[in-house]
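The file start.cif comes next; it holds mmCIF, C-alpha atoms.
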```cif
data_start
loop_
_atom_site.label_atom_id
_atom_site.label_comp_id
_atom_site.auth_asym_id
_atom_site.auth_seq_id
_atom_site.Cartn_x
_atom_site.Cartn_y
_atom_site.Cartn_z
CA ILE A 112 279.64 72.96 -9.30
CA TYR A 113 280.05 70.91 -12.46
CA LEU A 114 283.66 70.03 -13.24
CA VAL A 115 284.21 68.94 -16.84
CA ARG A 116 287.22 67.55 -18.64
CA ASP A 117 287.72 66.51 -22.23
CA PRO A 118 285.63 63.34 -21.99
CA ARG A 119 288.16 61.31 -23.96
CA ASP A 120 290.93 62.16 -21.51
CA GLN A 121 288.67 61.62 -18.51
CA VAL A 122 287.63 58.16 -19.71
CA LEU A 123 291.19 57.10 -20.56
CA SER A 124 292.45 58.34 -17.20
CA VAL A 125 289.91 56.46 -15.11
CA THR A 126 290.20 53.36 -17.31
CA PHE A 127 293.95 52.90 -17.46
CA ARG A 128 295.42 54.88 -14.55
CA LYS A 129 293.10 54.37 -11.59
CA MET A 130 293.71 50.70 -10.88
CA GLY A 131 292.25 50.78 -7.36
CA PHE A 132 288.97 52.06 -8.74
CA ARG A 133 289.08 49.50 -11.54
CA ARG A 134 289.60 46.65 -9.07
CA TYR A 135 286.60 47.95 -7.13
CA GLU A 136 284.39 48.52 -10.19
CA ASP A 137 285.03 45.53 -12.41
CA PRO A 138 288.23 43.54 -11.84
CA GLU A 139 287.32 40.84 -14.36
CA ALA A 140 286.64 43.13 -17.33
CA SER A 141 288.99 43.24 -20.29
CA ASP A 142 290.53 46.57 -21.21
CA ALA A 143 288.03 46.99 -24.06
CA GLU A 144 285.03 46.10 -21.88
CA TYR A 145 286.14 48.44 -19.11
CA LEU A 146 286.86 51.26 -21.56
CA ARG A 147 283.32 50.94 -22.96
CA ARG A 148 281.87 50.88 -19.45
CA MET A 149 283.72 54.04 -18.44
CA ALA A 150 282.66 55.77 -21.68
CA GLU A 151 279.04 54.85 -20.97
CA ARG A 152 279.42 56.21 -17.43
CA ASN A 153 280.77 59.49 -18.81
CA VAL A 154 277.79 59.84 -21.15
CA ALA A 155 275.37 59.11 -18.29
CA SER A 156 277.05 61.76 -16.14
CA TYR A 157 276.78 64.30 -18.95
CA ARG A 158 273.09 63.53 -19.44
CA GLN A 159 272.48 63.93 -15.70
CA ALA A 160 274.19 67.32 -15.81
CA LEU A 161 272.00 68.40 -18.73
CA ALA A 162 268.90 67.32 -16.82
CA SER A 163 269.94 69.34 -13.78
CA ALA A 164 271.52 72.32 -15.58
CA ASP A 165 269.21 74.77 -13.81
CA VAL A 166 270.81 73.96 -10.45
CA ILE A 167 274.44 74.09 -11.62
CA ASP A 168 275.84 77.42 -10.44
CA VAL A 169 279.40 77.02 -11.68
CA GLN A 170 280.85 74.97 -14.51
CA CYS A 171 284.61 74.79 -14.73
CA ARG A 172 286.98 72.95 -16.99
CA TYR A 173 289.72 70.74 -15.64
CA GLU A 174 292.05 72.12 -18.30
CA ASP A 175 291.40 75.69 -17.12
CA LEU A 176 292.00 74.68 -13.50
CA CYS A 177 295.34 73.18 -14.52
CA GLU A 178 296.31 76.37 -16.32
CA ASP A 179 295.14 78.82 -13.63
CA PRO A 180 292.60 77.86 -10.95
CA ARG A 181 292.22 81.38 -9.55
CA PRO A 182 289.31 82.53 -11.79
CA ALA A 183 287.32 79.36 -10.98
CA LEU A 184 288.01 79.74 -7.26
CA ARG A 185 286.71 83.32 -7.42
CA GLN A 186 283.63 82.13 -9.31
CA VAL A 187 282.91 79.44 -6.70
CA LEU A 188 283.29 81.90 -3.83
CA GLY A 189 280.96 84.31 -5.63
CA ALA A 190 278.35 81.61 -6.16
CA LEU A 191 278.53 80.81 -2.44
CA ASP A 192 278.18 84.52 -1.56
CA ARG A 193 281.51 84.35 0.22
CA PRO A 194 284.07 87.16 0.29
CA ILE A 195 286.78 86.81 -2.32
CA ASP A 196 289.94 86.68 -0.24
CA GLU A 197 292.91 86.89 -2.65
CA PRO A 198 295.55 85.58 -0.19
CA THR A 199 293.41 82.48 0.50
CA ILE A 200 292.84 81.95 -3.22
CA GLU A 201 296.56 82.26 -3.87
CA ARG A 202 297.43 79.84 -1.07
CA ALA A 203 294.92 77.26 -2.36
CA ALA A 204 296.16 77.65 -5.95
CA VAL A 205 299.78 77.11 -4.94
CA GLN A 206 299.10 74.28 -2.49
CA HIS A 207 297.12 72.29 -5.07
CA ASP A 208 299.39 73.01 -8.03
CA ALA A 209 300.76 69.84 -9.63
CA ALA A 210 304.36 71.08 -9.49
CA THR A 211 304.03 71.90 -5.78
CA ILE A 212 302.49 68.50 -5.03
CA ARG A 213 305.17 66.67 -7.02
CA ALA A 214 307.83 68.60 -5.10
CA GLY A 215 306.30 67.34 -1.84
CA ARG A 216 305.31 70.81 -0.64
CA GLY A 217 301.57 70.83 -1.44
CA ALA A 218 298.38 68.98 -0.71
CA THR A 219 298.96 65.49 0.63
CA ILE A 220 295.62 63.90 -0.21
CA THR A 221 295.67 63.56 -3.99
CA ASN A 222 295.52 61.00 -6.77
CA LEU A 223 297.86 63.01 -8.98
CA ASP A 224 299.97 60.66 -11.10
CA GLU A 225 298.25 57.60 -9.66
CA GLY A 226 299.06 54.96 -12.23
CA GLY A 227 301.51 57.29 -13.97
CA ARG A 228 301.01 60.58 -15.71
CA ALA A 229 298.00 60.82 -17.97
CA ALA A 230 298.47 60.74 -21.72
CA SER A 231 296.02 62.58 -23.93
CA TRP A 232 293.41 60.80 -26.03
CA TRP A 233 295.11 61.83 -29.27
CA THR A 234 298.07 59.58 -28.41
CA ALA A 235 295.82 56.54 -27.91
CA ASP A 236 295.82 53.81 -30.50
CA PRO A 237 293.39 54.34 -33.42
CA ALA A 238 290.91 51.67 -32.29
CA ARG A 239 290.56 53.34 -28.88
CA GLN A 240 290.22 56.75 -30.53
CA ARG A 241 287.35 55.44 -32.64
CA LEU A 242 285.66 53.84 -29.65
CA LEU A 243 285.99 57.07 -27.63
CA HIS A 244 284.50 59.07 -30.48
CA ALA A 245 281.64 56.64 -31.05
CA TYR A 246 280.55 56.75 -27.42
CA LEU A 247 281.43 60.33 -26.54
CA VAL A 248 280.70 62.40 -29.67
CA ASP A 249 277.64 64.10 -28.12
CA VAL A 250 279.52 64.88 -24.91
CA ILE A 251 282.55 66.19 -26.82
CA HIS A 252 280.38 68.57 -28.85
CA GLY A 253 278.04 69.43 -25.98
CA LEU A 254 280.92 70.52 -23.75
CA GLY A 255 282.56 72.46 -26.58
CA TYR A 256 285.71 70.38 -27.00
CA PRO A 257 287.24 70.15 -30.48
CA PRO A 258 286.21 66.90 -32.15
CA GLY A 259 289.58 65.96 -33.63
CA ASP A 260 289.87 63.34 -36.35
CA CYS A 261 287.20 60.94 -35.19
CA MET A 262 288.34 58.20 -37.50
CA SER A 263 292.06 58.60 -36.72
CA PRO A 264 294.63 57.00 -39.00
CA ALA A 265 293.67 53.83 -40.83
CA LEU A 266 294.71 50.62 -39.17
CA PRO A 267 297.55 48.92 -41.06
CA ASP A 268 295.56 45.72 -41.63
CA HIS A 269 292.49 47.62 -42.86
CA ALA A 270 293.91 49.50 -45.84
CA LEU A 271 291.23 50.51 -48.30
CA PRO A 272 291.75 50.23 -52.05
CA GLN A 273 292.14 53.38 -54.14
CA ARG A 274 288.82 54.89 -55.15
CA THR A 275 287.84 54.36 -58.76
CA ILE A 276 284.93 55.61 -60.76
CA ARG A 277 283.63 53.24 -63.36
CA VAL A 278 281.91 54.86 -66.26
CA PRO A 279 279.66 52.60 -68.32
CA GLU A 280 280.73 52.15 -71.88
CA GLY A 281 278.94 54.54 -74.18
CA PHE A 282 278.08 56.96 -71.34
CA ALA A 283 277.84 60.43 -72.84
CA GLY A 284 277.46 62.45 -69.56
#
```
Turn the structure described in the file into structure tokens.
Amino acid sequence: IYLVRDPRDQVLSVTFRKMGFRRYEDPEASDAEYLRRMAERNVASYRQALASADVIDVQCRYEDLCEDPRPALRQVLGALDRPIDEPTIERAAVQHDAATIRAGRGATITNLDEGGRAASWWTADPARQRLLHAYLVDVIHGLGYPPGDCMSPALPDHALPQRTIRVPEGFAG
């Protein structure tokens, strides 16, 4: 089973929300260094999945699981040659639903909201958006996620002058 998520969101989540993992991985790294390291790790994971694609039976998207996990659960059971038991699928879907967990009625072993709720990559500052795009462009495209505006808005201190075309005097083009 290969679980994918928009690589930009995955990298931001593990970089800025999972502090226990960060303390374990590289407690001395700056935010920028750690962000680059997590982006590189995401690319390596994607390349490993490509190299072993012939043994991946099920690929599911995190975003689809959040919306409705039932189709993916059915697909996993099918790949395992297990009977598709709708009441069990329903129970699992409800018990692991974010709203159920947040209400204290669902799964108890979870890292949901660890470090706060995740913000999407498109709300990140422009420099981080550019860094994410530079490292993850092949993963973004390879997994079929929309690329977005890879250059994001211009930074205020990097305003470019208006474009001008200079025509040489006497040019008769």
So which residues touch stretch 139-149 of chain A within 9 Å, counting all atoms listed in the file, skipping near sequence neighbours fewer than 4 positions away, as a compact mmCIF listing (two decimals) with C-alpha atoms, in the frame of the given file?
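Saved result, out-v5.txt, follows:
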```txt
# COMPACT_ATOMS: atom_id res chain seq x y z
CA VAL A 122 287.63 58.16 -19.71
CA LEU A 123 291.19 57.10 -20.56
CA VAL A 125 289.91 56.46 -15.11
CA THR A 126 290.20 53.36 -17.31
CA PHE A 127 293.95 52.90 -17.46
CA ARG A 133 289.08 49.50 -11.54
CA ARG A 134 289.60 46.65 -9.07
CA ASN A 153 280.77 59.49 -18.81
CA VAL A 154 277.79 59.84 -21.15
CA ARG A 239 290.56 53.34 -28.88
CA LEU A 242 285.66 53.84 -29.65
CA LEU A 243 285.99 57.07 -27.63
CA TYR A 246 280.55 56.75 -27.42
```
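Between atom CA of A:Val115 and atom CA of A:Asp137 lies a distance of 23.8 Å.
Counting all atoms listed in the file and comparing A:Arg277, A:Arg193, A:Thr221, A:His252, the residue that lies closest to A:Gln206 is A:Thr221.
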Using all atoms listed in the file, the best pick from A:His207, A:Arg213, A:Arg181, A:Arg116 as closest to A:Tyr157 would be A:Arg116
Can you pull out every residue within 12 Å of A:Asp179, counting only C-alpha atoms, but drop anything in the same chain fewer than 4 positions away, and send it as a list of chain:residue names? A:Cys171, A:Arg172, A:Tyr173, A:Glu174, A:Asp175, A:Ala183, A:Leu184, A:Arg185, A:Ile200, A:Glu201, A:Ala203, A:Ala204, A:Val205, A:His207, A:Asp208, A:Ala209
Keeping C-alpha atoms for every residue in the selection just given, could you write it to a file as a JSON list (two decimals), in the frame of the given file?
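Okay, part02.json is ready:
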```json
[["chain", "number", "residue", "atom", "x", "y", "z"],
["A", 171, "CYS", "CA", 284.61, 74.79, -14.73],
["A", 172, "ARG", "CA", 286.98, 72.95, -16.99],
["A", 173, "TYR", "CA", 289.72, 70.74, -15.64],
["A", 174, "GLU", "CA", 292.05, 72.12, -18.30],
["A", 175, "ASP", "CA", 291.40, 75.69, -17.12],
["A", 183, "ALA", "CA", 287.32, 79.36, -10.98],
["A", 184, "LEU", "CA", 288.01, 79.74, -7.26],
["A", 185, "ARG", "CA", 286.71, 83.32, -7.42],
["A", 200, "ILE", "CA", 292.84, 81.95, -3.22],
["A", 201, "GLU", "CA", 296.56, 82.26, -3.87],
["A", 203, "ALA", "CA", 294.92, 77.26, -2.36],
["A", 204, "ALA", "CA", 296.16, 77.65, -5.95],
["A", 205, "VAL", "CA", 299.78, 77.11, -4.94],
["A", 207, "HIS", "CA", 297.12, 72.29, -5.07],
["A", 208, "ASP", "CA", 299.39, 73.01, -8.03],
["A", 209, "ALA", "CA", 300.76, 69.84, -9.63]]
```
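A straight line drawn from atom CA of A:Val169 to atom CA of A:Gly189 is 9.6 Å long.
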